[in-house]
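Structure first, then comments.
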Amino acid sequence: MKTEYRGSIHQRQKELMTRWYERLESASDGVAMMISGNCVELLQAFDLPPFYPEINALQLAIRHQSLEPILAAEEMGYAADNCAYVKADVGAWLKGITPTGRPLPRPALVLCNFVGCNTYVKWFEHTAALTGAPLYVLDVPFLRDDEPTDAAVTYVVRQLKDVVVQLERISGKRFDIDRLREAVTCAAEVEESWSKIKHLCRSTPAPFDAYFDAITLMGPLYVYRANREGVDFFGAAVNEIQQRVDRHEGVYDAERFRVVVEGPPPYSHFRNFRDMFAKWKAVAVASTYSTVGGLWEFGFRHDPDHPFESIARHMLQYNVTNRNYLQRYDQIERYVREWNADGIVIHFVKSCRLFSAGQGDMRDYFTRQHDIPTLYIESDLEDPRYFSEAQIKNRVDAFFEALEHRKAVSA
Amino acid sequence: MNDSLARCEELITDIDFKSVSAWKNANPGAKAIAYFPVYAPAEIIHAFGALPVALHGAGDRLDLQHADARFGSFICSIVKTTLELGLTQRLKTFDGFLFTSICDTARNLCFVTKRNFPDLYVDFIHLPHNCPSEAAIDFLASDYDRLRWQLRKLTGREANDEALRSSIQLYNINRQLTNDLYALRSRAPHLLSTYELYLLVRAGDFIPVEEHNTMLADGLERVARALRPRDSLRVVVEGSFCEQPPLDLIKLIESAGCYIVEDDFTIGRRWFKHPVPLSGDPLRTLAESYVCDSVYSSVRHDAENSRVEGLMAKVRDNKADAVLAFIAKFCEPAYFDYVLFKREMERVGIPHLLLEFEEKLFTFDRLQMEIETFVESLLFV
């Protein structure tokens, strides 16, 4: 069985992303940022376009163009075990490969909004060293407890104000707190819509795949979150998905399994991977990967009355990458319980230690302590050499066969 | 000297931590806190009358029975052997475990440890990555204060500013003695082998700083032997700051024709360039030293002080002929830095060789051949 995207939002998403790339192609004022816990609101306040190397890298993988730049980077000295996102991005820069096929200018600022991922600090250091663009490392202390310390919030806010100075320089505009409040207001509205979409997946059948479909909406979520276009787009998306719920329309004609997915997808084999789940009419009702840019389904919103503090809290506390590993266990557990899932799919990706180091312990926790069926598979998010299709397919099939048996027995 | 080195080797290779248990027996009520590499503010732990122990995995002395399944493929050995130590009940003598923000894998290990050992005090310190920011010192000082509060709860003791200064002083002496030994080796590597230096320095990971200071001072007095220099390549070893190579592998680098004149093995033991000041708020001065006066390392990020320049200075200052990039398998921070190091070394013409190891490696034939070939290509061609 092959999967088809349903609804008009995916088409609209493509249009928005194409327009974003067109703008980047002529932008001399782009700011490179990482997706995780990004502070796009700050850029929006200066009308500066965000430039996400991750999106470039994953676009290359989806188009089956990632291996050539990965090999170029390895020739330069990167190891087989370095993150393939970085290698694809660096290799693409070395070879002049871009997702659109047209050149992209170097960023005016490399803003390393370090949120949980140590590899990003290296990545952005390398981007700065190779392109000659200025670098600012926005350090976000890792979340150990439920709440960040006051000192951590203050530390991030002080750095955000340093970033403002950099953005004033790039844009030639003076900082205007009202423009930031407006951006933060838009973000809060988008977050509300995104959260509603996530919660609509509690319905049976789920109207939307919160892993595969969510990924296609994550582009606009990070690029357009802080402006009116984003508000309109996600408002329309909520309406469309709500209508499906009202019509009892699911992702599949007859939904058979509901799973929670942990970890990034194998972008180099995105479609094949999705089809493995489609074969079993298994829908992802929730996923951790769709919360890398922000975790909004549990209530957090940016706050126009406290724009800097809420941006800081978003970076510190409300994205999966800066939350500690046990908080991720809790997040998944909550998804399983509240979204009524049958099991968990853990996708270990070789490139990403942030996500993957310790996922065997996670499996141990869910299977032994909670008796939740868990599938554990390994490949990579970017490097096609690590995707063993037959092996993964066998494991996926075996998992759903076992799940089917379990359901039959418990019925 | 031989007796002392034998004791050091015994301490380093003991994965049951008998010396730590013995120390606890001799100091009833006192706590032992293990910390994961690369750097931790051991002074704060010491000021509470506790024993800080730097734990670098289990080397080649422990078979993985459980931890492999918890951490999966493509993950460094030190993380797995550290967890295995716990899962095989070898960390029972410890009361706490401290991790820092060195890499994603170590950070996740912190929380996996927390889940699997709920009775153990497990903490995580975020060492700032934005050192040029004026806010970094305030943040770190505050985090150290939080650590002090946690240790107060754990130990039931108090560590006032005087106690902290006294501990800082002891560690300043320790770093100075270590640096003196390193300087001696760089000046006259035929008088002090890296193997001996490594044993002497790393023994400090397991014993009280006071005892280690005596050991280092004694070592300094006794190393000067009348040996003749041999034809060897003066090399800087870079990239072994966390997971440690097998002891025999360190010997092998030397026997294959290298004088190691600088290295980053257990770099956390000589983390600061200058003594930590003893005046002012001790937690703040410790934080200030981390932010403003640390040596460079692949796990410390400082946009205004390039690690590439740090390596170049190391080569220059130690009159090194070449660099051995000696990297633990799956160590991302070291592998990333190698790319920019390599680019610069090729630009300025510094010979270099990339070698990969694992702590549990036991056959060295291929590495030996690579090093010997590299040395010969530079010494005799």
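By order of appearance in the structure tokens: chains A, B, ..., then residues from 1 within every chain, and ligands from 1 in the order shown.
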Find the residues in chain B near chain A: any atom within 6 Å counts, using only C-alpha atoms. Write them as a compact mmCIF listing (two decimals) with C-alpha atoms, in the first residue's frame.
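Generated file (out34.txt):
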```txt
# COMPACT_ATOMS: atom_id res chain seq x y z
CA ALA B 69 21.71 -3.08 24.74
CA ARG B 70 21.01 0.22 26.52
CA PHE B 71 23.13 2.38 24.26
CA CYS B 103 28.58 15.94 24.52
CA ASP B 104 25.11 14.62 23.81
CA THR B 105 26.00 11.02 24.65
CA PHE B 111 19.81 10.72 32.88
CA HIS B 126 26.00 23.08 32.29
CA HIS B 129 29.39 27.49 25.61
CA ASN B 130 29.25 31.24 25.18
CA ALA B 135 26.54 36.70 31.42
CA PHE B 139 25.36 31.85 35.21
CA PHE B 330 32.60 7.44 18.00
CA GLU B 332 32.10 13.28 17.80
CA VAL B 339 38.54 18.59 10.35
```
All residues 9 Å or closer to range 143-156 of chain B, only C-alpha atoms, same chain fewer than 4 positions away omitted, as JSON, numbers by chain: {"A": [149, 151, 152], "B": [29, 30, 31, 41, 44, 45, 48, 49, 50, 95, 96, 121, 123, 125, 126, 127, 138, 139, 283, 284, 286, 287]}
d(CA of Phe270 in chain A, CA of Val90 in chain A) in Å: 21.8 Å
Using only C-alpha atoms, determine which residues lie at most 9 Å from range 87-93 of chain B, disregarding the query and same-chain residues fewer than 5 positions distant; provide the list as a PDB file with C-alpha atoms, in the first residue's frame.
```pdb
ATOM      1  CA  ILE B  15      37.423  -1.303  38.532  1.00  0.00           C
ATOM      2  CA  ASP B  16      36.116  -2.255  41.968  1.00  0.00           C
ATOM      3  CA  PHE B  17      37.381   1.024  43.430  1.00  0.00           C
ATOM      4  CA  LYS B  18      38.859  -0.608  46.510  1.00  0.00           C
ATOM      5  CA  VAL B  20      37.707   4.578  47.370  1.00  0.00           C
ATOM      6  CA  SER B  21      36.033   2.094  49.697  1.00  0.00           C
ATOM      7  CA  LYS B  24      35.414   5.840  53.040  1.00  0.00           C
ATOM      8  CA  LYS B  31      30.943  10.762  50.735  1.00  0.00           C
ATOM      9  CA  ALA B  32      32.592   9.789  47.471  1.00  0.00           C
ATOM     10  CA  ALA B  34      32.346  10.221  40.889  1.00  0.00           C
ATOM     11  CA  GLN B  65      26.787  -7.729  29.324  1.00  0.00           C
ATOM     12  CA  HIS B  66      24.051  -5.136  29.783  1.00  0.00           C
ATOM     13  CA  ALA B  67      25.091  -1.679  28.635  1.00  0.00           C
ATOM     14  CA  THR B  82      30.582   3.416  32.760  1.00  0.00           C
ATOM     15  CA  ASN B 116      18.758   3.095  36.753  1.00  0.00           C
ATOM     16  CA  PHE B 117      20.238   4.159  40.093  1.00  0.00           C
ATOM     17  CA  LEU B 120      22.347   7.772  43.775  1.00  0.00           C
TER      18      LEU B 120
END
```
For range 395-403 of chain A: contacts at 12 Å, only C-alpha atoms, fewer than 5 positions along chain excluded, given as number ranges by chain: A: 256-259, 273-283, 341-347, 372-378, 388-390, 408-410
Picked from range 189-348 of chain B by DSSP as strand (DSSP E), as a list in words: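 Matching residues, listed in order: Leu233, Arg234, Val235, Val236, Val237, Glu238, Cys258, Tyr259, Ile260, Val261, Glu262, Asp263, Ala322, Val323, Leu324, Ala325, Phe326, Ile327 and Ala328 of chain B.
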Limited to all heavy atoms, could you put the picked residues into a file as a short mmCIF file (atom, residue, chain, number, x, y, z; two decimals), in the first residue's frame?
```cif
data_model
loop_
_atom_site.label_atom_id
_atom_site.label_comp_id
_atom_site.auth_asym_id
_atom_site.auth_seq_id
_atom_site.Cartn_x
_atom_site.Cartn_y
_atom_site.Cartn_z
N LEU B 233 60.57 11.16 17.22
CA LEU B 233 59.77 12.26 16.70
C LEU B 233 59.06 12.93 17.87
O LEU B 233 58.44 12.24 18.69
CB LEU B 233 58.73 11.66 15.75
CG LEU B 233 58.04 12.56 14.75
CD1 LEU B 233 59.06 13.07 13.73
CD2 LEU B 233 56.95 11.77 14.02
N ARG B 234 59.16 14.24 17.97
CA ARG B 234 58.45 14.94 19.05
C ARG B 234 57.02 15.19 18.59
O ARG B 234 56.79 15.91 17.62
CB ARG B 234 59.14 16.27 19.36
CG ARG B 234 60.52 16.12 20.00
CD ARG B 234 61.21 17.47 20.15
NE ARG B 234 60.48 18.38 21.04
CZ ARG B 234 60.71 18.46 22.34
NH1 ARG B 234 61.63 17.69 22.92
NH2 ARG B 234 60.02 19.31 23.08
N VAL B 235 56.07 14.56 19.29
CA VAL B 235 54.68 14.67 18.83
C VAL B 235 53.77 15.24 19.91
O VAL B 235 54.00 15.06 21.10
CB VAL B 235 54.10 13.31 18.37
CG1 VAL B 235 54.89 12.74 17.20
CG2 VAL B 235 54.00 12.32 19.50
N VAL B 236 52.74 15.93 19.43
CA VAL B 236 51.61 16.33 20.29
C VAL B 236 50.51 15.31 20.05
O VAL B 236 50.18 15.01 18.91
CB VAL B 236 51.11 17.74 19.91
CG1 VAL B 236 49.77 18.04 20.59
CG2 VAL B 236 52.14 18.79 20.28
N VAL B 237 49.98 14.75 21.13
CA VAL B 237 48.84 13.83 21.00
C VAL B 237 47.57 14.62 21.31
O VAL B 237 47.45 15.24 22.37
CB VAL B 237 48.98 12.63 21.96
CG1 VAL B 237 47.69 11.82 21.98
CG2 VAL B 237 50.14 11.74 21.51
N GLU B 238 46.64 14.60 20.39
CA GLU B 238 45.44 15.44 20.51
C GLU B 238 44.19 14.59 20.29
O GLU B 238 44.14 13.80 19.34
CB GLU B 238 45.49 16.54 19.42
CG GLU B 238 44.35 17.50 19.44
CD GLU B 238 44.42 18.50 20.59
OE1 GLU B 238 45.53 18.80 21.08
OE2 GLU B 238 43.35 18.97 21.01
N CYS B 258 58.18 7.69 19.09
CA CYS B 258 57.71 9.06 19.38
C CYS B 258 58.10 9.48 20.80
O CYS B 258 58.04 8.67 21.73
CB CYS B 258 56.18 9.13 19.29
SG CYS B 258 55.54 8.81 17.66
N TYR B 259 58.46 10.72 20.94
CA TYR B 259 58.45 11.37 22.24
C TYR B 259 57.16 12.18 22.28
O TYR B 259 56.99 13.10 21.46
CB TYR B 259 59.61 12.35 22.39
CG TYR B 259 60.94 11.72 22.77
CD1 TYR B 259 62.12 12.18 22.21
CD2 TYR B 259 61.00 10.70 23.72
CE1 TYR B 259 63.35 11.63 22.57
CE2 TYR B 259 62.24 10.15 24.08
CZ TYR B 259 63.39 10.62 23.50
OH TYR B 259 64.59 10.08 23.86
N ILE B 260 56.28 11.83 23.18
CA ILE B 260 55.07 12.65 23.32
C ILE B 260 55.46 13.86 24.16
O ILE B 260 55.84 13.72 25.32
CB ILE B 260 53.93 11.85 23.98
CG1 ILE B 260 53.57 10.63 23.15
CG2 ILE B 260 52.69 12.74 24.17
CD1 ILE B 260 52.54 9.70 23.79
N VAL B 261 55.42 15.05 23.57
CA VAL B 261 55.84 16.24 24.32
C VAL B 261 54.65 17.04 24.85
O VAL B 261 54.82 17.94 25.67
CB VAL B 261 56.77 17.13 23.47
CG1 VAL B 261 58.11 16.45 23.27
CG2 VAL B 261 56.12 17.50 22.13
N GLU B 262 53.47 16.70 24.37
CA GLU B 262 52.26 17.32 24.92
C GLU B 262 51.11 16.40 24.56
O GLU B 262 51.13 15.72 23.53
CB GLU B 262 52.06 18.73 24.33
CG GLU B 262 50.83 19.49 24.83
CD GLU B 262 50.76 19.65 26.36
OE1 GLU B 262 50.45 18.64 27.02
OE2 GLU B 262 50.99 20.77 26.86
N ASP B 263 50.10 16.35 25.46
CA ASP B 263 48.95 15.49 25.19
C ASP B 263 47.74 16.06 25.90
O ASP B 263 47.87 16.98 26.73
CB ASP B 263 49.22 14.06 25.67
CG ASP B 263 49.44 13.98 27.17
OD1 ASP B 263 48.50 14.27 27.91
OD2 ASP B 263 50.58 13.66 27.60
N ALA B 322 55.33 16.93 14.91
CA ALA B 322 54.12 16.39 14.28
C ALA B 322 53.00 16.28 15.30
O ALA B 322 53.21 16.45 16.50
CB ALA B 322 54.42 15.00 13.70
N VAL B 323 51.81 16.00 14.79
CA VAL B 323 50.63 15.82 15.65
C VAL B 323 50.04 14.44 15.39
O VAL B 323 49.87 14.04 14.24
CB VAL B 323 49.57 16.91 15.36
CG1 VAL B 323 48.26 16.61 16.08
CG2 VAL B 323 50.09 18.29 15.78
N LEU B 324 49.75 13.74 16.48
CA LEU B 324 48.97 12.49 16.35
C LEU B 324 47.55 12.81 16.80
O LEU B 324 47.33 13.13 17.97
CB LEU B 324 49.53 11.39 17.25
CG LEU B 324 50.91 10.81 16.96
CD1 LEU B 324 51.16 9.61 17.88
CD2 LEU B 324 51.05 10.39 15.51
N ALA B 325 46.62 12.77 15.86
CA ALA B 325 45.21 12.90 16.24
C ALA B 325 44.78 11.52 16.70
O ALA B 325 44.67 10.60 15.89
CB ALA B 325 44.38 13.37 15.05
N PHE B 326 44.60 11.38 17.99
CA PHE B 326 44.43 10.07 18.61
C PHE B 326 43.03 10.05 19.23
O PHE B 326 42.83 10.53 20.35
CB PHE B 326 45.52 9.93 19.67
CG PHE B 326 45.80 8.54 20.12
CD1 PHE B 326 45.93 7.50 19.23
CD2 PHE B 326 45.97 8.27 21.47
CE1 PHE B 326 46.20 6.22 19.66
CE2 PHE B 326 46.25 7.00 21.91
CZ PHE B 326 46.36 5.97 21.00
N ILE B 327 42.09 9.53 18.48
CA ILE B 327 40.68 9.79 18.79
C ILE B 327 39.94 8.50 19.13
O ILE B 327 40.06 7.50 18.43
CB ILE B 327 40.01 10.49 17.58
CG1 ILE B 327 40.70 11.83 17.31
CG2 ILE B 327 38.52 10.69 17.81
CD1 ILE B 327 40.20 12.56 16.08
N ALA B 328 39.17 8.58 20.19
CA ALA B 328 38.36 7.41 20.58
C ALA B 328 37.24 7.21 19.57
O ALA B 328 36.63 8.18 19.11
CB ALA B 328 37.77 7.63 21.97
#
```
Expected answer as a PyMOL selection string: alpha helix (DSSP H) residues in range 156-340 of chain B: chain B and resi 161-187+194-202+209-222+247-255+282-293+307-317+332-340
Contacts of Lys273 in chain B at 7 Å (only C-alpha atoms; same-chain gap of 3+ positions) as a list in words: Asp293, Ser294 and Val295 of chain B
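Shortest atom-to-atom contact with Gly230 in chain A among A:Gln59, A:Asn319, A:Ser26, A:Gln44: A:Gln44, counting only C-alpha atoms.
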Test item: residues at most 9 Å from Cys110 in chain B, only C-alpha atoms, excluding those fewer than 5 positions along its chain, as number ranges by chain: A: 325; B: 97-100, 105, 115, 122-124
